file upload-v7.txt (compact mmCIF, C-alpha atoms and all ligand atoms)
# COMPACT_ATOMS: atom_id res chain seq x y z
CA MET O 1283 0.00 0.00 0.00
CA GLU O 1284 1.33 3.44 -0.87
CA ILE O 1285 0.23 6.83 0.38
CA ALA O 1286 0.97 10.00 -1.58
CA PRO O 1287 3.03 12.64 0.25
CA PHE O 1288 0.71 15.29 1.68
CA SER O 1289 1.56 18.22 -0.60
CA LEU O 1290 0.16 20.98 1.59
CA GLU O 1291 1.91 19.77 4.74
CA ARG O 1292 5.21 19.38 2.84
CA TRP O 1293 4.80 22.87 1.36
CA PHE O 1294 4.16 24.33 4.81
CA GLY O 1295 7.05 22.26 6.19
CA GLN O 1296 9.35 23.93 3.70
CA TYR O 1297 8.37 27.55 4.39
CA GLU O 1298 6.15 28.01 7.45
CA HIS O 1299 8.80 27.90 10.14
CA ASP O 1300 10.94 30.74 8.77
CA ALA O 1301 8.33 32.96 7.14
CA ASP O 1302 7.07 36.14 8.84
CA ILE O 1303 3.38 35.83 8.00
CA MET O 1304 1.22 32.75 7.52
CA LEU O 1305 -1.52 33.71 5.08
CA ALA O 1306 -2.53 30.16 4.22
CA GLU O 1307 -3.74 28.78 7.55
CA SER O 1308 -7.16 27.23 6.99
CA GLY O 1309 -8.68 27.77 10.43
CA ILE O 1310 -9.66 30.58 12.76
CA ARG O 1311 -6.86 32.02 14.94
CA SER O 1312 -6.32 29.83 17.98
CA LEU O 1313 -7.93 30.57 21.33
CA ASP O 1314 -5.71 30.85 24.36
CA ALA O 1315 -5.58 27.99 26.87
CA SER O 1316 -6.16 30.53 29.67
CA GLU O 1317 -9.84 30.75 28.59
CA PHE O 1318 -10.38 27.23 29.94
CA ASP O 1319 -9.83 25.07 32.97
CA THR O 1320 -6.81 23.09 31.86
CA ASP O 1321 -6.59 20.58 34.68
CA PRO O 1322 -8.24 17.28 33.77
CA GLY O 1323 -6.81 15.58 36.87
CA GLU O 1324 -5.03 12.29 36.25
CA LEU O 1325 -3.40 12.12 32.85
CA GLY O 1326 -4.54 8.61 31.97
CA TYR O 1327 -6.33 7.30 28.91
CA VAL O 1328 -9.92 8.38 28.38
CA ILE O 1329 -11.98 5.48 29.71
CA PRO O 1330 -13.90 4.02 27.91
CA THR O 1331 -11.41 4.62 25.12
CA ASP O 1332 -13.98 5.74 22.53
CA GLY O 1333 -14.84 8.73 24.73
CA ASP O 1334 -16.85 9.57 27.83
CA PRO O 1335 -20.35 8.07 27.27
CA ASP O 1336 -22.27 11.07 28.65
CA PHE O 1337 -20.27 13.49 26.53
CA ARG O 1338 -20.72 11.24 23.48
CA ALA O 1339 -24.47 11.19 24.17
CA ASP O 1340 -24.48 15.03 24.20
CA VAL O 1341 -22.61 15.15 20.91
CA ALA O 1342 -24.83 12.43 19.41
CA GLU O 1343 -27.94 14.52 20.15
CA ARG O 1344 -26.68 17.06 17.63
CA TYR O 1345 -27.15 14.34 15.00
CA ASP O 1346 -30.32 12.69 16.40
CA ARG O 1347 -28.18 9.65 17.07
CA ALA O 1348 -27.20 7.47 20.05
CA ALA O 1349 -23.96 7.73 22.07
CA ASP O 1350 -22.63 4.53 20.47
CA GLU O 1351 -22.91 6.13 17.06
CA VAL O 1352 -20.24 8.68 18.01
CA LEU O 1353 -16.53 7.94 18.32
CA PHE O 1354 -14.18 10.60 19.70
CA THR O 1355 -10.98 10.96 17.69
CA CYS O 1356 -7.79 12.97 17.49
CA GLY O 1357 -9.19 15.56 15.12
CA THR O 1358 -11.11 15.25 11.86
CA GLN O 1359 -8.02 13.77 10.27
CA GLU O 1360 -8.27 10.64 12.38
CA ALA O 1361 -12.07 10.55 12.02
CA ASN O 1362 -11.73 10.52 8.22
CA LEU O 1363 -8.98 7.90 8.30
CA LEU O 1364 -11.08 5.63 10.52
CA ALA O 1365 -14.17 6.11 8.34
CA PHE O 1366 -12.20 4.97 5.29
CA LEU O 1367 -10.62 2.08 7.18
CA SER O 1368 -14.07 1.06 8.33
CA ARG O 1369 -15.68 1.12 4.88
CA MET O 1370 -13.02 0.51 2.25
CA ASP O 1371 -11.23 -2.70 1.28
CA GLU O 1372 -8.96 -3.25 -1.70
CA ASP O 1373 -11.92 -3.78 -4.04
CA ALA O 1374 -13.75 -0.69 -2.90
CA HIS O 1375 -14.29 2.45 -4.88
CA ALA O 1376 -14.80 6.02 -3.68
CA VAL O 1377 -16.17 9.05 -5.50
CA VAL O 1378 -14.40 12.17 -4.23
CA VAL O 1379 -15.62 15.68 -4.94
CA THR O 1380 -12.46 17.64 -5.88
CA PRO O 1381 -10.64 20.03 -5.33
CA THR O 1382 -10.47 19.09 -1.70
CA TYR O 1383 -8.28 18.58 1.35
CA GLN O 1384 -5.79 16.00 0.14
CA SER O 1385 -6.40 13.33 2.77
CA LEU O 1386 -9.99 12.95 1.57
CA SER O 1387 -8.71 11.55 -1.72
CA ALA O 1388 -5.22 10.22 -0.89
CA VAL O 1389 -6.36 7.91 1.91
CA PRO O 1390 -9.11 6.11 -0.06
CA GLU O 1391 -6.72 6.00 -3.01
CA ALA O 1392 -4.19 4.14 -0.84
CA PHE O 1393 -6.80 1.44 -0.08
CA GLY O 1394 -8.83 1.18 -3.25
CA ASP O 1395 -9.92 3.04 -6.34
CA VAL O 1396 -10.94 6.70 -6.52
CA SER O 1397 -12.89 8.65 -9.15
CA ARG O 1398 -13.14 12.40 -8.92
CA VAL O 1399 -16.01 14.70 -9.68
CA TRP O 1400 -14.73 18.23 -10.20
CA LEU O 1401 -16.26 21.37 -8.84
CA GLU O 1402 -16.63 23.84 -11.63
CA PRO O 1403 -14.98 27.27 -11.62
CA PRO O 1404 -15.49 30.15 -11.31
CA ASP O 1405 -17.96 29.54 -8.47
CA TRP O 1406 -17.05 25.88 -7.78
CA ARG O 1407 -20.56 24.56 -8.22
CA LEU O 1408 -21.16 20.81 -7.92
CA ASP O 1409 -23.14 19.13 -10.68
CA THR O 1410 -24.64 16.13 -8.87
CA GLU O 1411 -25.53 14.52 -12.21
CA LYS O 1412 -21.81 13.92 -12.61
CA VAL O 1413 -21.74 12.04 -9.31
CA LYS O 1414 -24.65 9.92 -10.58
CA GLU O 1415 -22.67 9.12 -13.74
CA THR O 1416 -19.51 8.30 -11.77
CA ILE O 1417 -20.86 6.12 -8.97
CA ARG O 1418 -20.43 2.35 -9.48
CA PRO O 1419 -21.95 -0.78 -7.94
CA GLU O 1420 -18.76 -1.25 -5.89
CA THR O 1421 -18.68 2.38 -4.66
CA ALA O 1422 -18.46 2.29 -0.87
CA VAL O 1423 -18.46 6.00 -0.20
CA VAL O 1424 -19.12 9.37 -1.81
CA VAL O 1425 -16.87 11.98 -0.20
CA VAL O 1426 -17.61 15.68 0.08
CA ASN O 1427 -16.25 18.49 2.22
CA ASN O 1428 -18.84 21.16 3.01
CA PRO O 1429 -17.97 24.04 3.23
CA ASN O 1430 -15.20 23.09 0.87
CA ASN O 1431 -11.49 23.51 1.47
CA PRO O 1432 -9.94 25.15 -0.56
CA THR O 1433 -12.70 26.96 -2.50
CA GLY O 1434 -15.01 27.97 0.36
CA ARG O 1435 -17.98 26.75 -1.67
CA TYR O 1436 -20.91 25.89 0.60
CA HIS O 1437 -23.08 23.37 -1.25
CA SER O 1438 -26.77 23.96 -0.66
CA LYS O 1439 -29.19 21.71 1.21
CA ALA O 1440 -30.64 20.59 -2.12
CA VAL O 1441 -27.19 19.57 -3.42
CA ILE O 1442 -26.36 17.64 -0.25
CA GLU O 1443 -29.77 15.94 -0.27
CA SER O 1444 -29.26 14.95 -3.86
CA LEU O 1445 -25.79 13.55 -3.05
CA TYR O 1446 -27.28 11.63 -0.15
CA GLU O 1447 -29.95 10.10 -2.37
CA ILE O 1448 -27.41 9.11 -5.01
CA ALA O 1449 -25.26 7.40 -2.35
CA ALA O 1450 -28.26 5.72 -0.67
CA ASP O 1451 -29.73 4.47 -3.98
CA ASN O 1452 -26.38 2.83 -4.61
CA ASP O 1453 -26.17 1.41 -1.09
CA ALA O 1454 -23.09 3.55 -0.47
CA TYR O 1455 -22.42 6.11 2.27
CA LEU O 1456 -22.15 9.85 1.94
CA LEU O 1457 -19.14 10.96 4.02
CA CYS O 1458 -19.16 14.67 4.68
CA ASP O 1459 -16.19 16.38 6.30
CA GLU O 1460 -17.98 19.15 8.16
CA VAL O 1461 -15.04 20.72 9.94
CA TYR O 1462 -15.99 24.21 8.62
CA ARG O 1463 -19.79 23.75 8.99
CA LEU O 1464 -20.23 25.94 12.05
CA LEU O 1465 -18.51 28.88 10.40
CA ALA O 1466 -21.55 29.25 8.12
CA ASP O 1467 -24.13 31.81 9.22
CA GLU O 1468 -26.85 29.23 8.67
CA PRO O 1469 -25.27 25.79 8.96
CA LEU O 1470 -27.04 22.95 7.17
CA PRO O 1471 -28.15 19.91 9.16
CA PRO O 1472 -25.18 17.53 9.46
CA VAL O 1473 -25.14 14.62 7.03
CA ALA O 1474 -25.13 12.02 9.83
CA SER O 1475 -28.60 13.27 10.81
CA MET O 1476 -29.98 12.55 7.33
CA GLY O 1477 -30.38 8.79 7.65
CA ASP O 1478 -28.71 5.39 7.45
CA HIS O 1479 -26.27 6.40 4.74
CA GLY O 1480 -24.87 9.59 6.30
CA ILE O 1481 -21.47 9.91 7.97
CA SER O 1482 -20.23 13.20 9.48
CA THR O 1483 -16.71 14.00 10.62
CA THR O 1484 -15.62 17.15 12.39
CA SER O 1485 -13.52 18.62 15.20
CA LEU O 1486 -12.95 21.71 17.29
CA THR O 1487 -10.04 22.73 15.09
CA LYS O 1488 -11.48 25.25 12.63
CA ALA O 1489 -14.74 26.84 13.77
CA TYR O 1490 -13.71 26.91 17.45
CA GLY O 1491 -10.02 27.78 16.96
CA LEU O 1492 -8.85 24.82 19.06
CA ALA O 1493 -6.57 22.83 16.74
CA GLY O 1494 -4.13 22.02 19.53
CA LEU O 1495 -6.74 19.99 21.41
CA ARG O 1496 -6.64 17.38 18.64
CA PHE O 1497 -10.26 16.61 19.44
CA GLY O 1498 -12.93 15.58 16.97
CA TRP O 1499 -15.34 12.82 16.15
CA LEU O 1500 -16.97 10.52 13.66
CA CYS O 1501 -20.75 10.11 13.76
CA GLY O 1502 -22.89 7.78 11.70
CA PRO O 1503 -24.59 4.41 11.50
CA SER O 1504 -23.35 1.83 14.02
CA GLU O 1505 -21.79 -0.48 11.43
CA VAL O 1506 -19.53 2.40 10.31
CA VAL O 1507 -18.70 3.57 13.84
CA ASP O 1508 -18.13 0.00 15.09
CA GLY O 1509 -15.68 -0.63 12.24
CA ALA O 1510 -13.90 2.64 13.04
CA ARG O 1511 -13.78 1.79 16.75
CA ARG O 1512 -12.07 -1.51 15.93
CA TRP O 1513 -9.36 0.34 13.99
CA LYS O 1514 -8.96 3.05 16.61
CA ASP O 1515 -7.54 0.50 19.04
CA TYR O 1516 -4.58 0.44 16.62
CA THR O 1517 -4.27 4.14 15.84
CA THR O 1518 -4.51 6.36 18.93
CA ILE O 1519 -6.42 4.08 21.38
CA SER O 1520 -8.31 6.96 22.98
CA PRO O 1521 -8.71 10.69 22.37
CA SER O 1522 -6.50 12.94 24.49
CA ILE O 1523 -7.90 13.36 28.01
CA PHE O 1524 -6.80 16.97 27.95
CA GLY O 1525 -8.63 17.46 24.64
CA GLN O 1526 -11.81 15.91 25.98
CA HIS O 1527 -11.64 18.03 29.16
CA VAL O 1528 -11.40 21.32 27.27
CA ALA O 1529 -13.80 20.23 24.51
CA ARG O 1530 -16.51 19.61 27.11
CA GLN O 1531 -16.18 23.24 28.22
CA ALA O 1532 -16.05 24.61 24.68
CA LEU O 1533 -19.22 22.74 23.67
CA ASP O 1534 -21.16 23.79 26.72
CA GLY O 1535 -24.27 25.91 25.98
CA GLU O 1536 -23.61 29.63 26.32
CA ARG O 1537 -19.83 29.12 26.12
CA GLU O 1538 -20.16 27.45 22.74
CA ARG O 1539 -22.51 30.13 21.40
CA GLU O 1540 -20.07 32.84 22.51
CA ILE O 1541 -17.01 31.16 20.93
CA LEU O 1542 -18.78 30.52 17.64
CA ALA O 1543 -20.26 34.03 17.51
CA ARG O 1544 -16.83 35.57 18.15
CA ASN O 1545 -15.18 33.40 15.50
CA ARG O 1546 -17.90 33.97 12.89
CA ASP O 1547 -17.64 37.67 13.50
CA LEU O 1548 -13.85 37.59 12.93
CA ALA O 1549 -14.38 35.50 9.78
CA ALA O 1550 -17.01 37.92 8.44
CA ARG O 1551 -14.91 41.05 9.06
CA ASN O 1552 -11.78 39.50 7.59
CA ARG O 1553 -13.72 38.17 4.59
CA GLU O 1554 -14.94 41.67 3.87
CA ARG O 1555 -11.40 43.00 4.11
CA VAL O 1556 -10.05 40.37 1.69
CA SER O 1557 -12.98 41.03 -0.62
CA GLU O 1558 -11.98 44.71 -0.79
CA PHE O 1559 -8.37 43.69 -1.44
CA VAL O 1560 -9.36 41.33 -4.25
CA ALA O 1561 -11.56 44.02 -5.82
CA ALA O 1562 -8.71 46.56 -5.60
CA HIS O 1563 -6.39 44.13 -7.42
CA GLU O 1564 -8.86 42.89 -10.02
CA GLY O 1565 -6.78 44.66 -12.65
CA ASP O 1566 -3.78 42.50 -11.65
CA GLY O 1567 -5.79 39.35 -12.37
CA LEU O 1568 -7.02 38.55 -8.83
CA SER O 1569 -10.55 37.20 -8.45
CA TRP O 1570 -12.46 34.83 -6.18
CA ALA O 1571 -15.89 33.39 -5.53
CA GLU O 1572 -16.74 34.79 -2.12
CA PRO O 1573 -16.27 31.88 0.30
CA VAL O 1574 -18.01 30.54 3.40
CA GLY O 1575 -15.47 29.89 6.16
CA VAL O 1576 -11.98 31.36 6.17
CA ASN O 1577 -10.41 29.96 2.99
CA GLY O 1578 -10.40 31.95 -0.22
CA PHE O 1579 -9.35 30.35 -3.50
CA LEU O 1580 -7.95 33.16 -5.63
CA SER O 1581 -6.81 33.20 -9.22
CA ILE O 1582 -3.06 33.80 -9.54
CA PRO O 1583 -2.11 37.23 -10.87
CA ASP O 1584 -1.24 37.83 -14.48
CA GLY O 1585 2.31 36.97 -15.44
CA PHE O 1586 2.71 33.74 -13.42
CA ASP O 1587 2.25 30.29 -14.88
CA SER O 1588 1.53 28.19 -11.80
CA GLY O 1589 0.34 28.48 -8.24
CA THR O 1590 3.58 26.88 -7.09
CA SER O 1591 5.90 29.32 -8.86
CA PHE O 1592 3.74 32.27 -7.77
CA CYS O 1593 3.58 31.21 -4.10
CA ARG O 1594 7.32 30.51 -4.07
CA ARG O 1595 8.07 34.03 -5.32
CA VAL O 1596 5.78 35.55 -2.69
CA VAL O 1597 7.40 33.67 0.18
CA LYS O 1598 10.90 34.49 -1.06
CA GLU O 1599 10.28 38.18 -1.61
CA GLU O 1600 7.78 39.01 1.12
CA SER O 1601 8.13 36.17 3.64
CA ILE O 1602 4.39 35.41 3.36
CA VAL O 1603 3.17 31.82 3.05
CA LEU O 1604 0.30 31.17 0.61
CA ALA O 1605 -0.82 27.71 -0.56
CA PRO O 1606 -0.58 26.70 -4.25
CA GLY O 1607 -3.83 25.46 -5.82
CA GLU O 1608 -2.07 22.33 -7.04
CA CYS O 1609 -2.01 21.04 -3.44
CA PHE O 1610 -5.77 20.38 -3.61
CA GLY O 1611 -6.04 18.32 -6.78
CA VAL O 1612 -4.68 15.00 -7.80
CA GLY O 1613 -1.52 13.24 -6.72
CA SER O 1614 1.38 15.08 -5.14
CA VAL O 1615 2.82 18.41 -6.13
CA ALA O 1616 6.53 18.66 -6.83
CA ILE O 1617 7.16 21.20 -4.10
CA THR O 1618 10.82 20.59 -3.45
CA GLU O 1619 13.11 23.45 -4.30
CA GLY O 1620 14.51 22.92 -7.77
CA ALA O 1621 11.72 20.56 -8.86
CA THR O 1622 9.62 21.59 -11.83
CA ASP O 1623 7.14 24.12 -10.54
CA GLY O 1624 3.53 23.11 -10.71
CA GLY O 1625 4.26 19.51 -11.66
CA THR O 1626 1.81 16.96 -10.35
CA THR O 1627 1.80 13.20 -10.46
CA GLY O 1628 -1.36 11.29 -11.37
CA GLU O 1629 -4.27 12.36 -13.58
CA PRO O 1630 -4.47 15.83 -15.08
CA SER O 1631 -5.97 18.30 -12.68
CA GLY O 1632 -9.42 18.42 -14.27
CA PRO O 1633 -11.56 21.34 -15.34
CA GLY O 1634 -10.51 23.46 -12.36
CA SER O 1635 -6.94 24.01 -13.68
CA LEU O 1636 -5.88 24.25 -10.08
CA GLU O 1637 -2.43 25.50 -11.00
CA LYS O 1638 -4.14 28.81 -11.81
CA TYR O 1639 -5.19 29.31 -8.17
CA PHE O 1640 -3.83 29.75 -4.68
CA ARG O 1641 -5.46 29.50 -1.26
CA LEU O 1642 -5.41 32.45 1.07
CA GLY O 1643 -6.51 31.80 4.67
CA PHE O 1644 -8.00 34.80 6.44
CA GLY O 1645 -8.92 33.43 9.86
CA LEU O 1646 -5.92 35.10 11.50
CA PRO O 1647 -6.10 38.12 13.85
CA ALA O 1648 -7.15 41.26 11.94
CA ASP O 1649 -3.81 43.05 12.50
CA ASP O 1650 -1.82 40.12 11.13
CA LEU O 1651 -4.15 39.93 8.13
CA GLU O 1652 -3.63 43.64 7.52
CA ALA O 1653 0.15 43.26 7.70
CA GLY O 1654 0.02 40.29 5.30
CA LEU O 1655 -2.22 42.07 2.79
CA SER O 1656 -0.04 45.15 2.89
CA ARG O 1657 3.08 43.17 1.97
CA PHE O 1658 1.16 41.14 -0.58
CA GLY O 1659 -0.09 44.39 -2.11
CA ASP O 1660 3.54 45.58 -2.42
CA PHE O 1661 4.40 42.36 -4.20
CA LEU O 1662 1.53 42.81 -6.65
CA ASP O 1663 2.47 46.42 -7.28
CA ARG O 1664 5.97 45.29 -8.26
CA HIS O 1665 4.98 42.33 -10.41
CA ALA O 1666 1.51 42.51 -11.85
C1 LIG B 1701 -11.34 19.65 5.25
C2 LIG B 1701 -10.40 19.35 6.37
N1 LIG B 1701 -10.54 18.23 7.06
C3 LIG B 1701 -9.73 17.93 8.08
C4 LIG B 1701 -8.70 18.77 8.44
C5 LIG B 1701 -7.82 18.39 9.60
O1 LIG B 1701 -8.40 18.93 10.75
P1 LIG B 1701 -8.24 18.38 12.22
O2 LIG B 1701 -7.35 19.34 12.92
O3 LIG B 1701 -9.62 18.40 12.78
O4 LIG B 1701 -7.67 16.99 12.17
C6 LIG B 1701 -8.49 19.96 7.74
C7 LIG B 1701 -7.37 20.87 8.06
O5 LIG B 1701 -7.03 21.77 7.35
C8 LIG B 1701 -9.38 20.26 6.68
O6 LIG B 1701 -9.26 21.40 5.98
call {"tool": "encode", "arguments": {"input": "upload-v7.txt", "output": "structure tokens"}}
result
Amino acid sequence: MEIAPFSLERWFGQYEHDADIMLAESGIRSLDASEFDTDPGELGYVIPTDGDPDFRADVAERYDRAADEVLFTCGTQEANLLAFLSRMDEDAHAVVVTPTYQSLSAVPEAFGDVSRVWLEPPDWRLDTEKVKETIRPETAVVVVNNPNNPTGRYHSKAVIESLYEIAADNDAYLLCDEVYRLLADEPLPPVASMGDHGISTTSLTKAYGLAGLRFGWLCGPSEVVDGARRWKDYTTISPSIFGQHVARQALDGEREREILARNRDLAARNRERVSEFVAAHEGDGLSWAEPVGVNGFLSIPDGFDSGTSFCRRVVKEESIVLAPGECFGVGSVAITEGATDGGTTGEPSGPGSLEKYFRLGFGLPADDLEAGLSRFGDFLDRHA
């Protein structure tokens, strides 16, 4: 079994540590630990290892499901991995809506066969008819990320219902990575609440600004969650007890409403600021489809031939990290210094021509965003 290198992580690994400004982070700025009680008592495993039953029951209520249909994980990343391990064998097939966060295609690709259905630029709309044409009798799972990373497209209720029906009619599951869901002003019902074919994964990383907790979950029908639970004994055994302790506080009634309101407010203000910036630089070739969440997928300015070469110039000249569009397509991007810029392995990148885009994350504190946009503006003034 082979797993593709995670292009985005390798790109960040190359530049993030030394750069002055990170303008490609996909979440909301992190909350400070001092906002919470950080003493969980004894630092043992969480017992039972799939998470505290009362807390799981509280989380399950959000999905109209039972406590046993929720498994606490170390972030959405582990929840997605366990969902694939639970449902996919070597003969299995997955349909993955792309562009997307690379693990949602690379992991099923490591186990079985993947077909992609491409979101269509400029507004990254999903044509569900294409999913219907692509699904096969052996398809185990249809995978979507809503709101989408990197485009910020928030597929409507009708689109998600149609995807659900296509999966259910084929006796497959719809797996929705909902890690950005609560950044929407009017979040859709989670997919795991839609019926026997819905699986939701999420965490406190993005909408709550609590990535360091490494706390998330998988929710869905018991056969999926039971399969995931079996694998979890071999991955991380239990979630972090520290993560569970703080997550319980963050998800508690008024506290949760306050955190989400604060974070949505930051997202909305920063989105407006980036929108102004994009409009001011339209003449340089910048454009975007206004996103939900804190990820914008912008067209690269005139005069550059790939997201990789453009982002590399920006980090070298202005010490700002952006993320090349190629990181969200197919295969792995040749990100190593000296490698051919923009090269990807695997299939061509589809109708999205992802090498014409880059991701800008605007969930950071407003002052940092301002500093980043100012330097980025200088770069554009020099080059575009
Ligand atoms: C769509 C998506 N899923 C999962 C993750 C990983 O998140 P977590 O910290 O919850 O593991 C990310 C992080 O960028 C993401 O964008």
call {"tool": "closest_atom_pairs", "arguments": {"input": "upload-v7.txt", "of": "chain O", "to": "ligand LIG 1701 (chain B)", "cutoff": "8 Å", "atoms": "only C-alpha atoms and all ligand atoms", "output": "tab-separated table"}}
result
residue	atom	partner	partner_atom	distance
O:Glu1307	CA	B:LIG1701	O5	7.7
O:Ser1308	CA	B:LIG1701	O5	5.5
O:Gly1309	CA	B:LIG1701	O5	6.9
O:Cys1356	CA	B:LIG1701	O4	6.7
O:Gly1357	CA	B:LIG1701	O4	3.6
O:Thr1358	CA	B:LIG1701	O3	3.6
O:Gln1359	CA	B:LIG1701	O4	3.8
O:Glu1360	CA	B:LIG1701	O4	6.4
O:Ala1361	CA	B:LIG1701	O4	7.8
O:Asn1362	CA	B:LIG1701	C3	7.7
O:Thr1382	CA	B:LIG1701	C1	7.0
O:Tyr1383	CA	B:LIG1701	C1	5.1
O:Ser1385	CA	B:LIG1701	N1	7.7
O:Leu1386	CA	B:LIG1701	N1	7.6
O:Asn1427	CA	B:LIG1701	C1	5.9
O:Asn1428	CA	B:LIG1701	C1	8.0
O:Asn1430	CA	B:LIG1701	C1	6.8
O:Asn1431	CA	B:LIG1701	C1	5.4
O:Pro1432	CA	B:LIG1701	O6	7.6
O:Asp1459	CA	B:LIG1701	C1	5.9
O:Glu1460	CA	B:LIG1701	C1	7.3
O:Val1461	CA	B:LIG1701	N1	5.9
O:Tyr1462	CA	B:LIG1701	C1	7.3
O:Thr1484	CA	B:LIG1701	O3	6.1
O:Ser1485	CA	B:LIG1701	O3	4.6
O:Leu1486	CA	B:LIG1701	O3	6.5
O:Thr1487	CA	B:LIG1701	O2	4.8
O:Lys1488	CA	B:LIG1701	O3	7.1
O:Ala1493	CA	B:LIG1701	O2	5.2
O:Gly1494	CA	B:LIG1701	O2	7.8
O:Arg1496	CA	B:LIG1701	O2	6.1
O:Phe1497	CA	B:LIG1701	O3	6.9
O:Gly1498	CA	B:LIG1701	O3	6.0
call {"tool": "atom_distance", "arguments": {"input": "upload-v7.txt", "atom1": "atom CA of O:Val1389", "atom2": "atom CA of O:Leu1492"}}
result
24.2 Å
call {"tool": "residues_around", "arguments": {"input": "upload-v7.txt", "residues": "O:Ile1417", "least_positions_apart": "6", "cutoff": "10 Å", "atoms": "all atoms listed in the file", "output": "PyMOL selection string"}}
result
chain O and resi 1375-1377+1397-1399+1423-1424+1448-1449+1452+1454
call {"tool": "closest_residue", "arguments": {"input": "upload-v7.txt", "among": "O:Ile1602, O:Leu1662, O:Val1341, O:Ala1422", "to": "O:Asp1650", "atoms": "only C-alpha atoms"}}
result
O:Ile1602
call {"tool": "atom_distance", "arguments": {"input": "upload-v7.txt", "atom1": "atom CA of O:Gly1659", "atom2": "atom CA of O:Arg1551"}}
result
18.9 Å
call {"tool": "atom_distance", "arguments": {"input": "upload-v7.txt", "atom1": "atom CA of O:Tyr1516", "atom2": "atom CA of O:Asp1371"}}
result
17.0 Å
call {"tool": "closest_residue", "arguments": {"input": "upload-v7.txt", "among": "O:Ser1656, O:Thr1517, O:Asn1577, O:Ser1635", "to": "O:Ala1306", "atoms": "only C-alpha atoms"}}
result
O:Asn1577
call {"tool": "closest_residue", "arguments": {"input": "upload-v7.txt", "among": "O:Asn1552, O:Thr1410, O:Thr1590, O:Gln1526", "to": "O:Arg1338", "atoms": "all atoms listed in the file"}}
result
O:Gln1526
call {"tool": "closest_residue", "arguments": {"input": "upload-v7.txt", "among": "O:Leu1367, O:Val1396, O:Gly1565, O:Glu1572", "to": "O:Arg1418", "atoms": "all atoms listed in the file"}}
result
O:Val1396
call {"tool": "residues_around", "arguments": {"input": "upload-v7.txt", "residues": "O:Glu1284", "least_positions_apart": "4", "cutoff": "12 Å", "atoms": "all atoms listed in the file", "output": "list of chain:residue names"}}
result
O:Ala1388, O:Val1389, O:Pro1390, O:Glu1391, O:Ala1392, O:Phe1393, O:Gly1394, O:Gly1613
call {"tool": "closest_residue", "arguments": {"input": "upload-v7.txt", "among": "O:Leu1364, O:Ala1510, O:Cys1609, O:Ile1442", "to": "O:Asp1409", "atoms": "all atoms listed in the file"}}
result
O:Ile1442
call {"tool": "residues_around", "arguments": {"input": "upload-v7.txt", "residues": "O:Phe1294", "least_positions_apart": "2", "cutoff": "12 Å", "atoms": "only C-alpha atoms", "output": "PyMOL selection string"}}
result
chain O and resi 1288-1292+1296-1301+1303-1308+1593-1594+1597+1602-1606+1609+1617-1618
call {"tool": "residues_around", "arguments": {"input": "upload-v7.txt", "residues": "O:His1527", "least_positions_apart": "5", "cutoff": "9 Å", "atoms": "all atoms listed in the file", "output": "number ranges by chain"}}
result
O: 1319-1322, 1522
call {"tool": "closest_residue", "arguments": {"input": "upload-v7.txt", "among": "O:Leu1533, O:Ala1648, O:Val1379, O:Val1556", "to": "O:Ala1571", "atoms": "all atoms listed in the file"}}
result
O:Val1556
call {"tool": "residues_near_point", "arguments": {"input": "upload-v7.txt", "point": "(-23.0, 14.3, 2.9)", "cutoff": "8 Å", "atoms": "only C-alpha atoms", "output": "list in words"}}
result
Val1424, Val1425, Val1426, Asn1427, Ile1442, Glu1443, Leu1445, Tyr1446, Leu1456, Leu1457, Cys1458, Asp1459, Pro1472, Val1473, Ala1474, Gly1480, Ile1481 and Ser1482 of chain O
call {"tool": "residues_around", "arguments": {"input": "upload-v7.txt", "residues": "stretch 1325-1329 of chain O", "least_positions_apart": "4", "cutoff": "8 Å", "atoms": "only C-alpha atoms", "output": "PDB file with C-alpha atoms, keeping the file's coordinate frame"}}
result
ATOM      1  CA  GLY O1333     -14.840   8.730  24.730  1.00  0.00           C
ATOM      2  CA  ASP O1334     -16.850   9.570  27.830  1.00  0.00           C
ATOM      3  CA  SER O1520      -8.310   6.960  22.980  1.00  0.00           C
ATOM      4  CA  PRO O1521      -8.710  10.690  22.370  1.00  0.00           C
ATOM      5  CA  SER O1522      -6.500  12.940  24.490  1.00  0.00           C
ATOM      6  CA  ILE O1523      -7.900  13.360  28.010  1.00  0.00           C
ATOM      7  CA  PHE O1524      -6.800  16.970  27.950  1.00  0.00           C
TER       8      PHE O1524
END
